[in-house]
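*Asks:* Got a structure for you, work.txt, holding compact mmCIF, C-alpha atoms.
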# COMPACT_ATOMS: atom_id res chain seq x y z
CA MET A 137 -4.03 22.64 -2.91
CA LYS A 138 -1.35 21.87 -5.41
CA LYS A 139 1.46 20.38 -3.35
CA LEU A 140 1.22 16.70 -2.79
CA PHE A 141 2.86 13.60 -1.56
CA LYS A 142 5.95 13.70 -3.76
CA ILE A 143 9.54 14.55 -2.84
CA THR A 144 11.43 14.69 -6.08
CA SER A 145 14.08 17.06 -4.81
CA VAL A 146 15.15 14.94 -1.87
CA ILE A 147 18.60 13.47 -2.17
CA LEU A 148 18.43 9.92 -0.94
CA ILE A 149 21.34 9.09 1.33
CA LEU A 150 21.54 5.40 1.98
CA ALA A 151 22.15 4.69 5.63
CA VAL A 152 23.83 1.39 4.91
CA MET A 153 26.12 0.54 2.03
CA VAL A 154 26.46 -3.12 1.22
CA GLY A 155 30.00 -4.43 0.79
CA LEU A 156 30.27 -7.28 -1.66
CA VAL A 157 31.43 -10.48 -0.09
CA SER A 158 34.51 -12.32 -1.36
CA CYS A 159 33.63 -15.95 -1.89
CA LYS A 160 35.23 -19.29 -2.53
CA ASN A 161 36.47 -18.57 -6.04
CA GLY A 162 35.91 -14.86 -6.19
CA LYS A 163 37.57 -11.57 -5.33
CA LYS A 164 36.29 -8.89 -3.02
CA SER A 165 34.47 -6.23 -5.01
CA GLY A 166 33.97 -2.54 -4.30
CA ILE A 167 30.81 -1.07 -2.77
CA SER A 168 27.93 -1.11 -5.22
CA ALA A 169 24.15 -1.32 -5.34
CA GLY A 170 24.53 -4.40 -7.55
CA TYR A 171 26.53 -7.56 -6.92
CA GLN A 172 29.22 -9.50 -8.80
CA GLY A 173 30.95 -12.51 -7.33
CA THR A 174 31.39 -16.27 -7.29
CA VAL A 175 29.88 -18.50 -4.61
CA ASN A 176 30.35 -22.27 -4.46
CA GLY A 177 31.24 -22.44 -8.14
CA VAL A 178 28.40 -20.20 -9.35
CA THR A 179 29.21 -16.74 -10.69
CA PHE A 180 26.43 -14.22 -10.04
CA GLU A 181 25.74 -10.76 -11.34
CA LEU A 182 22.78 -8.90 -9.81
CA SER A 183 21.72 -5.73 -11.58
CA ASP A 184 22.23 -2.27 -10.08
CA MET A 185 18.68 -0.97 -9.65
CA GLY A 186 19.45 2.57 -8.50
CA LYS A 187 18.24 4.83 -5.73
CA SER A 188 14.74 5.81 -6.90
CA VAL A 189 12.97 2.77 -8.30
CA ASN A 190 9.55 3.72 -9.69
CA LEU A 191 6.43 2.04 -8.27
CA HIS A 192 3.74 3.79 -10.33
CA SER A 193 2.34 3.06 -13.76
CA GLU A 194 3.08 5.43 -16.61
CA LEU A 195 -0.42 6.91 -16.41
CA GLN A 196 -0.17 7.47 -12.65
CA ASN A 197 3.21 9.12 -13.08
CA GLU A 198 1.83 11.43 -15.76
CA TYR A 199 -0.87 12.62 -13.37
CA LEU A 200 1.59 13.17 -10.51
CA GLU A 201 3.96 15.07 -12.77
CA TYR A 202 1.11 17.18 -14.13
CA ILE A 203 -0.14 18.39 -10.76
CA ASN A 204 3.39 18.99 -9.51
CA GLU A 205 5.28 20.41 -12.45
CA GLU A 206 2.39 22.06 -14.28
CA ASN A 207 0.63 23.24 -11.14
CA GLY A 208 -2.52 21.37 -12.06
CA GLU A 209 -5.52 20.75 -9.83
CA PHE A 210 -6.38 17.43 -8.16
CA ASP A 211 -9.64 17.16 -10.08
CA ASP A 212 -7.72 17.21 -13.34
CA ILE A 213 -7.28 13.52 -12.65
CA GLY A 214 -10.26 13.19 -15.00
CA LEU A 215 -7.81 13.82 -17.84
CA TYR A 216 -6.06 10.57 -16.88
CA ALA A 217 -8.59 8.32 -15.12
CA ARG A 218 -12.35 8.48 -14.59
CA GLY A 219 -13.05 5.38 -12.54
CA ILE A 220 -14.31 3.39 -15.52
CA THR A 221 -11.35 1.15 -16.33
CA GLU A 222 -8.80 -0.58 -14.15
CA ASN A 223 -5.79 1.72 -13.83
CA SER A 224 -5.05 1.29 -10.13
CA LEU A 225 -2.31 -1.32 -10.44
CA PRO A 226 1.24 -0.26 -9.54
CA ALA A 227 4.28 -0.83 -11.72
CA PRO A 228 6.37 -3.86 -10.76
CA VAL A 229 10.00 -3.65 -9.74
CA HIS A 230 11.90 -5.57 -12.40
CA LEU A 231 14.86 -7.59 -11.09
CA GLU A 232 17.45 -9.17 -13.39
CA TRP A 233 20.49 -11.34 -12.74
CA THR A 234 22.83 -13.85 -14.35
CA ALA A 235 24.19 -17.02 -12.79
CA THR A 236 26.77 -19.27 -14.43
CA ALA A 237 28.00 -22.57 -13.01
CA ALA A 238 31.74 -23.19 -13.22
CA THR A 239 31.13 -26.81 -14.23
CA THR A 240 28.83 -28.31 -16.83
CA GLU A 241 26.04 -28.50 -14.29
CA ILE A 242 22.75 -26.89 -15.21
CA ILE A 243 21.03 -24.45 -12.88
CA SER A 244 17.44 -25.67 -12.64
CA SER A 245 15.74 -22.84 -10.74
CA TYR A 246 16.18 -19.81 -8.51
CA THR A 247 14.81 -18.26 -5.35
CA VAL A 248 14.84 -14.48 -5.08
CA ASN A 249 14.96 -13.24 -1.49
CA LEU A 250 14.02 -9.65 -0.55
CA SER A 251 14.21 -7.96 2.83
CA GLU A 252 14.11 -4.51 4.36
CA ASN A 253 17.00 -5.61 6.58
CA LYS A 254 20.66 -5.85 5.61
CA ASP A 255 20.99 -9.20 7.40
CA MET A 256 18.11 -10.52 5.23
CA SER A 257 15.97 -11.27 8.28
CA SER A 258 12.20 -11.34 7.70
CA GLU A 259 12.84 -11.99 4.03
CA TYR A 260 10.18 -12.51 1.36
CA SER A 261 11.04 -15.27 -1.12
CA ILE A 262 9.84 -15.97 -4.66
CA ASP A 263 10.71 -19.06 -6.72
CA THR A 264 11.30 -18.87 -10.48
CA THR A 265 12.99 -20.70 -13.33
CA GLU A 266 13.82 -17.42 -15.12
CA THR A 267 16.68 -14.95 -14.61
CA GLU A 268 14.34 -12.01 -14.24
CA LEU A 269 11.37 -11.32 -12.03
CA ASP A 270 8.66 -8.69 -11.57
CA VAL A 271 7.96 -7.92 -7.92
CA PHE A 272 4.85 -6.04 -6.83
CA ASN A 273 3.76 -4.25 -3.69
CA LEU A 274 7.05 -2.99 -2.31
CA LYS A 275 6.91 -0.06 0.11
CA ILE A 276 7.70 3.46 -1.02
CA ALA A 277 10.86 5.28 0.12
CA THR A 278 12.36 2.03 1.36
CA THR A 279 15.73 0.35 0.83
CA TYR A 280 15.43 -3.33 -0.09
CA TYR A 281 18.20 -5.91 0.04
CA TRP A 282 18.07 -8.90 -2.26
CA THR A 283 19.91 -12.13 -3.00
CA VAL A 284 19.47 -14.93 -5.52
CA THR A 285 19.81 -18.62 -4.71
CA ALA A 286 20.65 -20.89 -7.66
CA TYR A 287 19.77 -24.60 -7.45
CA LEU A 288 21.96 -27.23 -9.11
CA SER A 289 21.68 -31.02 -9.20
CA ASP A 290 24.06 -31.49 -6.25
CA GLY A 291 23.34 -28.40 -4.17
CA TYR A 292 22.79 -24.67 -4.28
CA ALA A 293 24.61 -21.35 -4.06
CA THR A 294 23.36 -17.98 -2.80
CA SER A 295 24.72 -14.71 -4.12
CA GLY A 296 25.98 -11.82 -2.07
CA THR A 297 23.57 -8.99 -1.31
CA ALA A 298 22.50 -6.20 -3.66
CA TYR A 299 20.15 -3.37 -2.77
CA PHE A 300 17.92 -0.66 -4.20
CA THR A 301 15.70 2.13 -2.88
CA THR A 302 12.14 2.69 -4.02
CA SER A 303 10.82 6.10 -5.03
CA TYR A 304 9.37 8.56 -2.52
CA ASP A 305 6.34 9.09 -4.76
CA GLY A 306 3.01 8.06 -3.23
CA PRO A 307 0.31 6.91 -2.71
CA ARG A 308 1.42 3.31 -2.32
CA ASN A 309 -1.05 1.51 -4.53
CA LEU A 310 -1.03 -2.29 -4.55
CA TYR A 311 -1.72 -5.22 -6.82
CA VAL A 312 -4.06 -7.86 -5.35
CA ASP A 313 -5.54 -10.04 -8.07
CA GLY A 314 -9.32 -9.80 -8.25
CA ILE A 315 -9.65 -6.52 -6.29
CA THR A 316 -9.60 -2.96 -7.54
CA ASN A 317 -8.51 0.24 -5.81
CA VAL A 318 -6.10 -1.27 -3.29
CA ARG A 319 -3.60 0.91 -1.46
CA ASP A 320 -1.75 1.45 1.79
CA LEU A 321 -2.80 4.29 4.08
CA GLY A 322 0.85 4.51 5.08
CA GLY A 323 3.65 6.59 3.61
CA TYR A 324 2.16 10.07 3.89
CA ASP A 325 4.19 12.80 5.58
CA ILE A 326 2.93 13.77 9.03
CA GLY A 327 5.60 16.29 10.05
CA GLY A 328 8.76 16.07 12.10
CA GLY A 329 10.39 13.84 9.49
CA LYS A 330 7.80 11.12 10.17
CA LYS A 331 5.43 9.27 7.88
CA VAL A 332 2.35 7.18 8.50
CA LYS A 333 3.66 3.63 8.97
CA GLN A 334 3.37 1.38 5.94
CA GLY A 335 2.27 -2.23 5.91
CA LEU A 336 -0.38 -1.97 8.62
CA LEU A 337 -3.62 -0.57 7.26
CA TYR A 338 -4.95 -1.07 3.73
CA ARG A 339 -8.02 0.26 1.91
CA CYS A 340 -9.54 -1.60 -1.03
CA GLY A 341 -12.61 -2.56 -3.03
CA ARG A 342 -14.81 -5.53 -2.11
CA LEU A 343 -13.52 -9.10 -2.01
CA ASN A 344 -16.88 -10.59 -2.96
CA LYS A 345 -20.20 -9.49 -4.40
CA THR A 346 -23.80 -10.59 -4.07
CA ASN A 347 -24.98 -12.90 -6.84
CA ASP A 348 -28.36 -14.15 -5.67
CA PRO A 349 -28.88 -16.53 -4.10
CA THR A 350 -25.23 -16.98 -3.15
CA PRO A 351 -22.25 -14.58 -2.91
CA THR A 352 -19.50 -14.68 -5.53
CA ILE A 353 -15.89 -14.44 -4.39
CA GLU A 354 -14.08 -11.98 -6.66
CA ILE A 355 -10.62 -12.07 -5.14
CA SER A 356 -8.61 -14.85 -6.78
CA ASP A 357 -6.58 -17.53 -5.03
CA ASP A 358 -3.45 -15.58 -5.97
CA GLY A 359 -5.02 -12.46 -4.49
CA ILE A 360 -5.76 -14.29 -1.26
CA GLN A 361 -2.14 -15.43 -1.06
CA THR A 362 -0.97 -11.84 -1.64
CA MET A 363 -3.25 -10.56 1.13
CA LYS A 364 -2.28 -13.22 3.65
CA LYS A 365 1.33 -14.07 2.88
CA GLN A 366 2.79 -10.88 1.42
CA LEU A 367 0.68 -8.25 3.18
CA GLY A 368 0.06 -10.36 6.29
CA VAL A 369 -3.60 -9.38 6.67
CA LYS A 370 -5.14 -10.55 9.96
CA THR A 371 -8.41 -8.60 10.00
CA GLU A 372 -11.06 -7.47 7.51
CA ILE A 373 -13.51 -4.65 8.22
CA ASP A 374 -16.46 -4.78 5.83
CA LEU A 375 -18.46 -1.53 5.69
CA ARG A 376 -21.28 -2.88 3.48
CA TRP A 377 -24.84 -3.76 4.35
CA ASP A 378 -25.79 -7.44 4.65
CA GLU A 379 -27.44 -7.61 1.24
CA GLU A 380 -24.37 -6.03 -0.40
CA ALA A 381 -22.04 -8.53 1.23
CA GLY A 382 -24.15 -11.55 0.33
CA LEU A 383 -24.75 -12.42 3.99
CA ILE A 384 -21.25 -13.83 4.37
CA GLU A 385 -20.24 -14.58 7.96
CA GLU A 386 -16.48 -14.88 7.51
CA SER A 387 -13.79 -13.30 5.41
CA PRO A 388 -13.23 -14.59 1.87
CA LEU A 389 -9.58 -14.69 2.96
CA GLY A 390 -10.39 -17.59 5.29
CA SER A 391 -11.70 -18.37 8.74
CA ASP A 392 -8.33 -17.51 10.30
CA VAL A 393 -8.82 -13.83 9.35
CA GLY A 394 -10.95 -11.82 11.76
CA TYR A 395 -14.09 -10.51 10.05
CA TYR A 396 -16.12 -7.50 11.22
CA ARG A 397 -19.25 -6.25 9.44
CA ILE A 398 -19.91 -2.63 10.36
CA CYS A 399 -22.69 -1.29 8.17
CA MET A 400 -22.26 2.28 6.95
CA SER A 401 -24.89 4.25 5.02
CA TYR A 402 -23.83 5.66 1.66
CA SER A 403 -26.66 8.04 0.79
CA GLY A 404 -26.27 11.61 1.99
CA ASN A 405 -23.35 13.12 3.89
CA ILE A 406 -21.45 9.96 4.77
CA LEU A 407 -19.38 11.72 7.41
CA ASN A 408 -22.40 13.06 9.28
CA ILE A 409 -24.75 10.06 9.13
CA ASN A 410 -22.37 7.32 10.25
CA SER A 411 -21.13 8.43 13.67
CA ASP A 412 -21.99 5.17 15.46
CA ALA A 413 -20.40 3.04 12.75
CA ILE A 414 -17.26 5.21 12.78
CA VAL A 415 -16.96 4.73 16.56
CA ASN A 416 -17.18 0.94 16.06
CA VAL A 417 -14.54 0.99 13.32
CA PHE A 418 -12.16 2.99 15.49
CA GLU A 419 -12.60 0.49 18.34
CA ILE A 420 -11.23 -2.21 16.02
CA LEU A 421 -8.46 0.04 14.71
CA ALA A 422 -7.34 0.69 18.30
CA LYS A 423 -6.39 -2.95 18.93
CA GLU A 424 -2.80 -3.59 17.86
CA GLU A 425 -3.36 -7.34 17.62
CA ASN A 426 -5.72 -6.75 14.67
CA TYR A 427 -2.96 -5.48 12.40
CA PRO A 428 -2.24 -5.68 9.52
CA MET A 429 -5.83 -5.16 8.39
CA ILE A 430 -7.95 -4.17 5.41
CA PHE A 431 -11.14 -2.15 5.32
CA HIS A 432 -13.51 -1.69 2.43
CA CYS A 433 -17.03 -1.03 1.24
CA SER A 434 -18.12 -2.03 -2.26
CA ILE A 435 -15.79 -0.04 -4.53
CA GLY A 436 -13.46 1.21 -1.80
CA THR A 437 -14.19 4.88 -2.43
CA ASP A 438 -16.96 6.63 -0.49
CA ARG A 439 -17.49 4.87 2.85
CA THR A 440 -13.95 3.58 2.69
CA GLY A 441 -12.83 7.10 1.79
CA VAL A 442 -14.42 8.59 4.92
CA ILE A 443 -12.58 6.15 7.20
CA ALA A 444 -9.30 6.81 5.36
CA PHE A 445 -9.90 10.57 5.63
CA LEU A 446 -10.49 10.37 9.39
CA VAL A 447 -7.57 8.06 10.14
CA ASN A 448 -5.02 9.98 8.09
CA GLY A 449 -6.34 13.31 9.35
CA LEU A 450 -5.99 12.10 12.94
CA LEU A 451 -2.37 11.14 12.22
CA GLY A 452 -1.48 14.56 10.77
CA VAL A 453 -1.68 14.04 7.01
CA SER A 454 -1.96 17.37 5.14
CA GLU A 455 -5.10 18.69 3.45
CA ASP A 456 -3.51 18.22 0.05
CA ASP A 457 -2.68 14.58 0.68
CA LEU A 458 -6.16 13.93 2.07
CA CYS A 459 -7.57 15.23 -1.22
CA LEU A 460 -5.06 13.25 -3.26
CA ASP A 461 -5.88 10.04 -1.44
CA TYR A 462 -9.57 10.51 -2.19
CA VAL A 463 -9.31 11.29 -5.91
CA TRP A 464 -6.75 8.50 -6.44
CA SER A 465 -9.73 6.10 -6.42
CA ASN A 466 -10.43 7.33 -9.97
CA PHE A 467 -7.63 5.02 -11.10
CA GLY A 468 -9.71 2.08 -9.85
CA GLN A 469 -12.64 0.46 -11.63
CA ILE A 470 -15.23 2.19 -9.44
CA GLY A 471 -17.93 2.92 -12.03
CA SER A 472 -17.74 6.72 -12.03
CA SER A 473 -15.39 9.56 -11.12
CA ARG A 474 -14.88 11.34 -7.80
CA ARG A 475 -13.86 14.96 -7.12
CA SER A 476 -11.78 16.45 -4.32
CA ASP A 477 -14.36 19.10 -3.52
CA LEU A 478 -16.22 16.59 -1.33
CA ILE A 479 -13.15 16.56 0.91
CA ALA A 480 -12.24 20.24 0.52
CA ASN A 481 -15.71 21.78 0.68
CA THR A 482 -17.74 19.35 2.78
CA TYR A 483 -15.65 17.17 5.09
CA LEU A 484 -12.79 19.50 5.94
CA PRO A 485 -15.01 22.49 6.91
CA ARG A 486 -16.81 20.20 9.37
CA ILE A 487 -13.50 19.14 10.91
CA LYS A 488 -12.16 22.69 10.95
CA SER A 489 -15.15 23.84 12.99
CA MET A 490 -13.77 21.89 15.95
CA LYS A 491 -11.38 23.26 18.54
CA GLY A 492 -7.67 22.63 18.09
CA ARG A 493 -4.44 24.39 17.21
CA LYS A 494 -3.44 22.03 14.41
CA LEU A 495 -5.63 20.24 11.90
CA LYS A 496 -4.86 16.87 13.48
CA ASP A 497 -6.04 18.24 16.84
CA LYS A 498 -9.35 19.19 15.21
CA PHE A 499 -9.68 15.64 13.82
CA TYR A 500 -8.97 14.30 17.32
CA ASN A 501 -11.65 16.50 18.85
CA TYR A 502 -14.16 15.68 16.12
CA LEU A 503 -13.74 11.95 16.73
CA LEU A 504 -13.87 12.49 20.47
CA ASN A 505 -17.08 14.47 20.02
CA ILE A 506 -18.88 11.70 18.12
CA GLY A 507 -17.99 9.11 20.74
CA VAL A 508 -14.56 7.64 20.00
CA SER A 509 -12.70 7.31 23.30
CA SER A 510 -9.43 9.13 23.91
CA LYS A 511 -7.93 5.74 24.77
CA ASP A 512 -8.78 4.40 21.31
CA LEU A 513 -7.58 7.56 19.55
CA ASN A 514 -4.26 7.53 21.39
CA SER A 515 -3.82 3.84 20.64
CA ILE A 516 -4.37 4.36 16.91
CA ILE A 517 -1.88 7.22 16.85
CA SER A 518 0.67 5.07 18.70
CA ILE A 519 0.22 2.16 16.26
CA LEU A 520 0.22 4.07 12.96
CA ALA A 521 2.23 7.27 13.48
Please express the file's structure as structure tokens.
*Replies:*
Amino acid sequence: MKKLFKITSVILILAVMVGLVSCKNGKKSGISAGYQGTVNGVTFELSDMGKSVNLHSELQNEYLEYINEENGEFDDIGLYARGITENSLPAPVHLEWTATAATTEIISSYTVNLSENKDMSSEYSIDTTETELDVFNLKIATTYYWTVTAYLSDGYATSGTAYFTTSYDGPRNLYVDGITNVRDLGGYDIGGGKKVKQGLLYRCGRLNKTNDPTPTIEISDDGIQTMKKQLGVKTEIDLRWDEEAGLIEESPLGSDVGYYRICMSYSGNILNINSDAIVNVFEILAKEENYPMIFHCSIGTDRTGVIAFLVNGLLGVSEDDLCLDYVWSNFGQIGSSRRSDLIANTYLPRIKSMKGRKLKDKFYNYLLNIGVSSKDLNSIISILA
């Protein structure tokens, strides 16, 4: 199990090349990933970011390079992270630009707009007074288009479009202030040139903890805004027992987020002893209107890890990537380390004992056997694959 979710040899071919727009006082430029031009008296230059923008921290990259290039084992993650300190945050994408007004007017502020679409539809906007910005939580293996709007005393001007492509390296770990061990289940290869869809299902650590006699919210206000506005979370599945969750009756994200408490046991073989709870979780996962959603236990590792294992296995994620996804929790502040042998030597043999030609068929039959309906399984596959 030494191959993992990394495609360093793939040559990225951009499907769309952005032509730079000639503007009021400017000249038409050649095709480029950056932008240079003048719009309404403001001359912009947006940096050329390249075709493989890194989304991992230096430590995470070292681990990925080690198990790829040096043929290391997954459990060698202990050389890099042991679950004691917070190392789960991704690297930001650093955007830089210049904007110069043709007159003596001063540019007071900027809005950076990002979109996965060339026409900038469904854009995500961030306001700043600086000419550089760190952006977190972009999808892997995705081309982003971006523009900058400069605000002057008597109006504004928006640059032409630049673009960049993020790296294919996964997992897609996320930064949500106040929570550890946050990542997208999406992005893993599932064969036939397809990947698990990103931006729909997230795993994470708890949002609050029990502090008798009342619960303490750990996710910050900024973290709540990231969850709701950037990630679009509509539903929270909480796998903790009542006393762990502090008897909360609604999501710390707010009453407008659907909240489901489905208690899972964490002592013993978590896969074997939680069949009824797993069936209930999959009933929620089968409803498209619940997405995007998060699911978690306390540290987002063991009970959360079982659900992630079953969902990704059902979708066709490889054995190697199932192991990688589990040990990646060691980058989070989870209190102790985890090893891949729980997946490789305990969970996978149970799944492989089922009938089925492919591994994903065996996952399907396992889930069917414990009581998940074929309707729910087919719905989840349709939503996420």
*Asks:* May I ask which of the residues A:Leu407, A:Ser356, A:Gly471, A:Cys433 is the closest one to Phe445 of chain A, counting only C-alpha atoms?
*Replies:*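 Checking each of A:Leu407, A:Ser356, A:Gly471, A:Cys433 against Phe445 of chain A, counting only C-alpha atoms, the winner is A:Leu407.
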*Asks:* Which neighbours of Ala277 of chain A fall inside 6 Å, counting all atoms listed in the file, when residues of the same chain fewer than 5 positions from it are skipped, and could you give them as a PyMOL selection string?
*Replies:* chain A and resi 302-304
*Asks:* How many Å lie between atom CA of Asp211 of chain A and atom CA of Gly468 of chain A, rounded to one decimal?
*Replies:*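 Computed distance, atom CA of Asp211 of chain A to atom CA of Gly468 of chain A, equals 15.1 Å.
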*Asks:* Name the residues in contact with Met490 of chain A at a cut-off of 8 Å, using only C-alpha atoms, excluding same-chain residues fewer than 4 positions from it; report them as a PyMOL selection string.
*Replies:* chain A and resi 486+498-499+501-502
*Asks:* Here is a test: counting only C-alpha atoms, which residue of A:Lys333, A:His230, A:Arg397, A:Lys494 is nearest to Leu520 of chain A?
*Replies:*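 Using only C-alpha atoms, Leu520 of chain A sits closest to A:Lys333.
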*Asks:* So what do you get for atom CA of Gly328 of chain A versus atom CA of Asp456 of chain A, distance-wise?
*Replies:* 17.3 Å
*Asks:* Considering all atoms listed in the file, return as a ChimeraX atom specification whatever protein or nucleic-acid residues lie within 12 Å of Ser509 of chain A, sequence-local ones (same chain, fewer than 6 positions apart) excluded.
*Replies:* /A:414-419,422,500-503,515-516
*Asks:* For the residues in the current selection, export C-alpha atoms as a JSON list (two decimals), keeping the file's coordinate frame.
*Replies:*
[["chain", "number", "residue", "atom", "x", "y", "z"],
["A", 414, "ILE", "CA", -17.26, 5.21, 12.78],
["A", 415, "VAL", "CA", -16.96, 4.73, 16.56],
["A", 416, "ASN", "CA", -17.18, 0.94, 16.06],
["A", 417, "VAL", "CA", -14.54, 0.99, 13.32],
["A", 418, "PHE", "CA", -12.16, 2.99, 15.49],
["A", 419, "GLU", "CA", -12.60, 0.49, 18.34],
["A", 422, "ALA", "CA", -7.34, 0.69, 18.30],
["A", 500, "TYR", "CA", -8.97, 14.30, 17.32],
["A", 501, "ASN", "CA", -11.65, 16.50, 18.85],
["A", 502, "TYR", "CA", -14.16, 15.68, 16.12],
["A", 503, "LEU", "CA", -13.74, 11.95, 16.73],
["A", 515, "SER", "CA", -3.82, 3.84, 20.64],
["A", 516, "ILE", "CA", -4.37, 4.36, 16.91]]
*Asks:* Which centre and edge lengths in Å to one decimal define the box along x, y and z that fits every listed atom of segment 356-373 of chain A plus 3 Å per side, as JSON?
*Replies:*
{"center_x": -5.4, "center_y": -11.1, "center_z": 1.6, "size_x": 22.3, "size_y": 18.9, "size_z": 22.8}
*Asks:* Using all atoms listed in the file, can you tell me which of A:Tyr199, A:Thr294, A:Met429, A:Glu259 comes closest to Gly335 of chain A?
*Replies:*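 The closest residue to Gly335 of chain A is A:Met429.
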*Asks:* For Gly322 of chain A, which residue out of A:Cys459, A:Met363, A:Ile243, A:Val447 is the nearest one, using only C-alpha atoms?
*Replies:*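 With only C-alpha atoms as the atom set, the closest residue is A:Val447.
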*Asks:* Just to confirm, what's the straight-line distance from atom CA of Phe300 of chain A to atom CA of Ile276 of chain A in Å (one decimal)?
*Replies:*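 Atom CA of Ile276 of chain A lies at a distance of 11.5 Å from atom CA of Phe300 of chain A.
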*Asks:* Within 9 Å of segment 175-188 of chain A, which residues of segment 225-278 of chain A show up? Give each one with its shortest atom-to-atom distance in Å (one decimal) and the two atoms involved, counting all atoms listed in the file, rows by chain then rising residue number, as a Markdown table.
*Replies:*
| residue | atom | partner | partner_atom | distance |
| --- | --- | --- | --- | --- |
| A:His230 | CA | A:Met185 | CA | 8.6 |
| A:Leu231 | CA | A:Ser183 | CA | 7.1 |
| A:Glu232 | CA | A:Ser183 | CA | 5.8 |
| A:Trp233 | CA | A:Leu182 | CA | 4.4 |
| A:Thr234 | CA | A:Glu181 | CA | 5.2 |
| A:Ala235 | CA | A:Phe180 | CA | 4.5 |
| A:Thr236 | CA | A:Thr179 | CA | 5.1 |
| A:Ala237 | CA | A:Val178 | CA | 4.4 |
| A:Ala238 | CA | A:Gly177 | CA | 5.2 |
| A:Thr239 | CA | A:Gly177 | CA | 7.5 |
| A:Ala277 | CA | A:Ser188 | CA | 8.0 |
*Asks:* Excluding Lys496 of chain A and any residue of its chain fewer than 5 positions from it, enumerate the residues within 9 Å of it, using all atoms listed in the file, and give them as a list in words.
*Replies:* Asn448, Gly449, Leu450, Leu451, Gly452, Val453, Ser454 and Asn501 of chain A
*Asks:* Atoms are missing here; could segment 250-266 of chain A be completed with N, CA and C atoms and written as an mmCIF file, in the coordinates of the input?
*Replies:*
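Wrote it out as rebuild_1.cif, contents follow:
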data_model
loop_
_atom_site.group_PDB
_atom_site.id
_atom_site.type_symbol
_atom_site.label_atom_id
_atom_site.label_comp_id
_atom_site.auth_asym_id
_atom_site.auth_seq_id
_atom_site.Cartn_x
_atom_site.Cartn_y
_atom_site.Cartn_z
ATOM 1 N N LEU A 250 14.017 -11.096 -0.787
ATOM 2 C CA LEU A 250 14.020 -9.650 -0.550
ATOM 3 C C LEU A 250 13.760 -9.378 0.927
ATOM 4 N N SER A 251 14.395 -8.332 1.432
ATOM 5 C CA SER A 251 14.210 -7.960 2.830
ATOM 6 C C SER A 251 14.465 -6.479 3.003
ATOM 7 N N GLU A 252 13.828 -5.890 4.002
ATOM 8 C CA GLU A 252 14.110 -4.510 4.360
ATOM 9 C C GLU A 252 15.325 -4.414 5.285
ATOM 10 N N ASN A 253 15.877 -5.569 5.640
ATOM 11 C CA ASN A 253 17.000 -5.610 6.580
ATOM 12 C C ASN A 253 18.260 -6.114 5.899
ATOM 13 N N LYS A 254 19.384 -5.486 6.212
ATOM 14 C CA LYS A 254 20.660 -5.850 5.610
ATOM 15 C C LYS A 254 21.022 -7.305 5.880
ATOM 16 N N ASP A 255 20.656 -7.817 7.061
ATOM 17 C CA ASP A 255 20.990 -9.200 7.400
ATOM 18 C C ASP A 255 20.021 -10.203 6.783
ATOM 19 N N MET A 256 19.086 -9.702 5.949
ATOM 20 C CA MET A 256 18.110 -10.520 5.230
ATOM 21 C C MET A 256 17.128 -11.227 6.167
ATOM 22 N N SER A 257 16.984 -10.723 7.376
ATOM 23 C CA SER A 257 15.970 -11.270 8.280
ATOM 24 C C SER A 257 14.592 -10.830 7.791
ATOM 25 N N SER A 258 13.569 -11.601 8.126
ATOM 26 C CA SER A 258 12.200 -11.340 7.700
ATOM 27 C C SER A 258 12.112 -11.203 6.179
ATOM 28 N N GLU A 259 12.798 -12.091 5.486
ATOM 29 C CA GLU A 259 12.840 -11.990 4.030
ATOM 30 C C GLU A 259 11.558 -12.526 3.397
ATOM 31 N N TYR A 260 11.306 -12.057 2.172
ATOM 32 C CA TYR A 260 10.180 -12.510 1.360
ATOM 33 C C TYR A 260 10.776 -13.207 0.152
ATOM 34 N N SER A 261 10.395 -14.466 -0.088
ATOM 35 C CA SER A 261 11.040 -15.270 -1.120
ATOM 36 C C SER A 261 10.081 -15.621 -2.241
ATOM 37 N N ILE A 262 10.622 -15.625 -3.477
ATOM 38 C CA ILE A 262 9.840 -15.970 -4.660
ATOM 39 C C ILE A 262 10.645 -16.944 -5.508
ATOM 40 N N ASP A 263 10.041 -18.056 -5.904
ATOM 41 C CA ASP A 263 10.710 -19.060 -6.720
ATOM 42 C C ASP A 263 10.443 -18.808 -8.203
ATOM 43 N N THR A 264 11.442 -19.068 -9.033
ATOM 44 C CA THR A 264 11.300 -18.870 -10.480
ATOM 45 C C THR A 264 12.304 -19.732 -11.223
ATOM 46 N N THR A 265 12.021 -19.994 -12.479
ATOM 47 C CA THR A 265 12.990 -20.700 -13.330
ATOM 48 C C THR A 265 13.661 -19.723 -14.292
ATOM 49 N N GLU A 266 13.265 -18.439 -14.250
ATOM 50 C CA GLU A 266 13.820 -17.420 -15.120
ATOM 51 C C GLU A 266 14.936 -16.645 -14.419
#
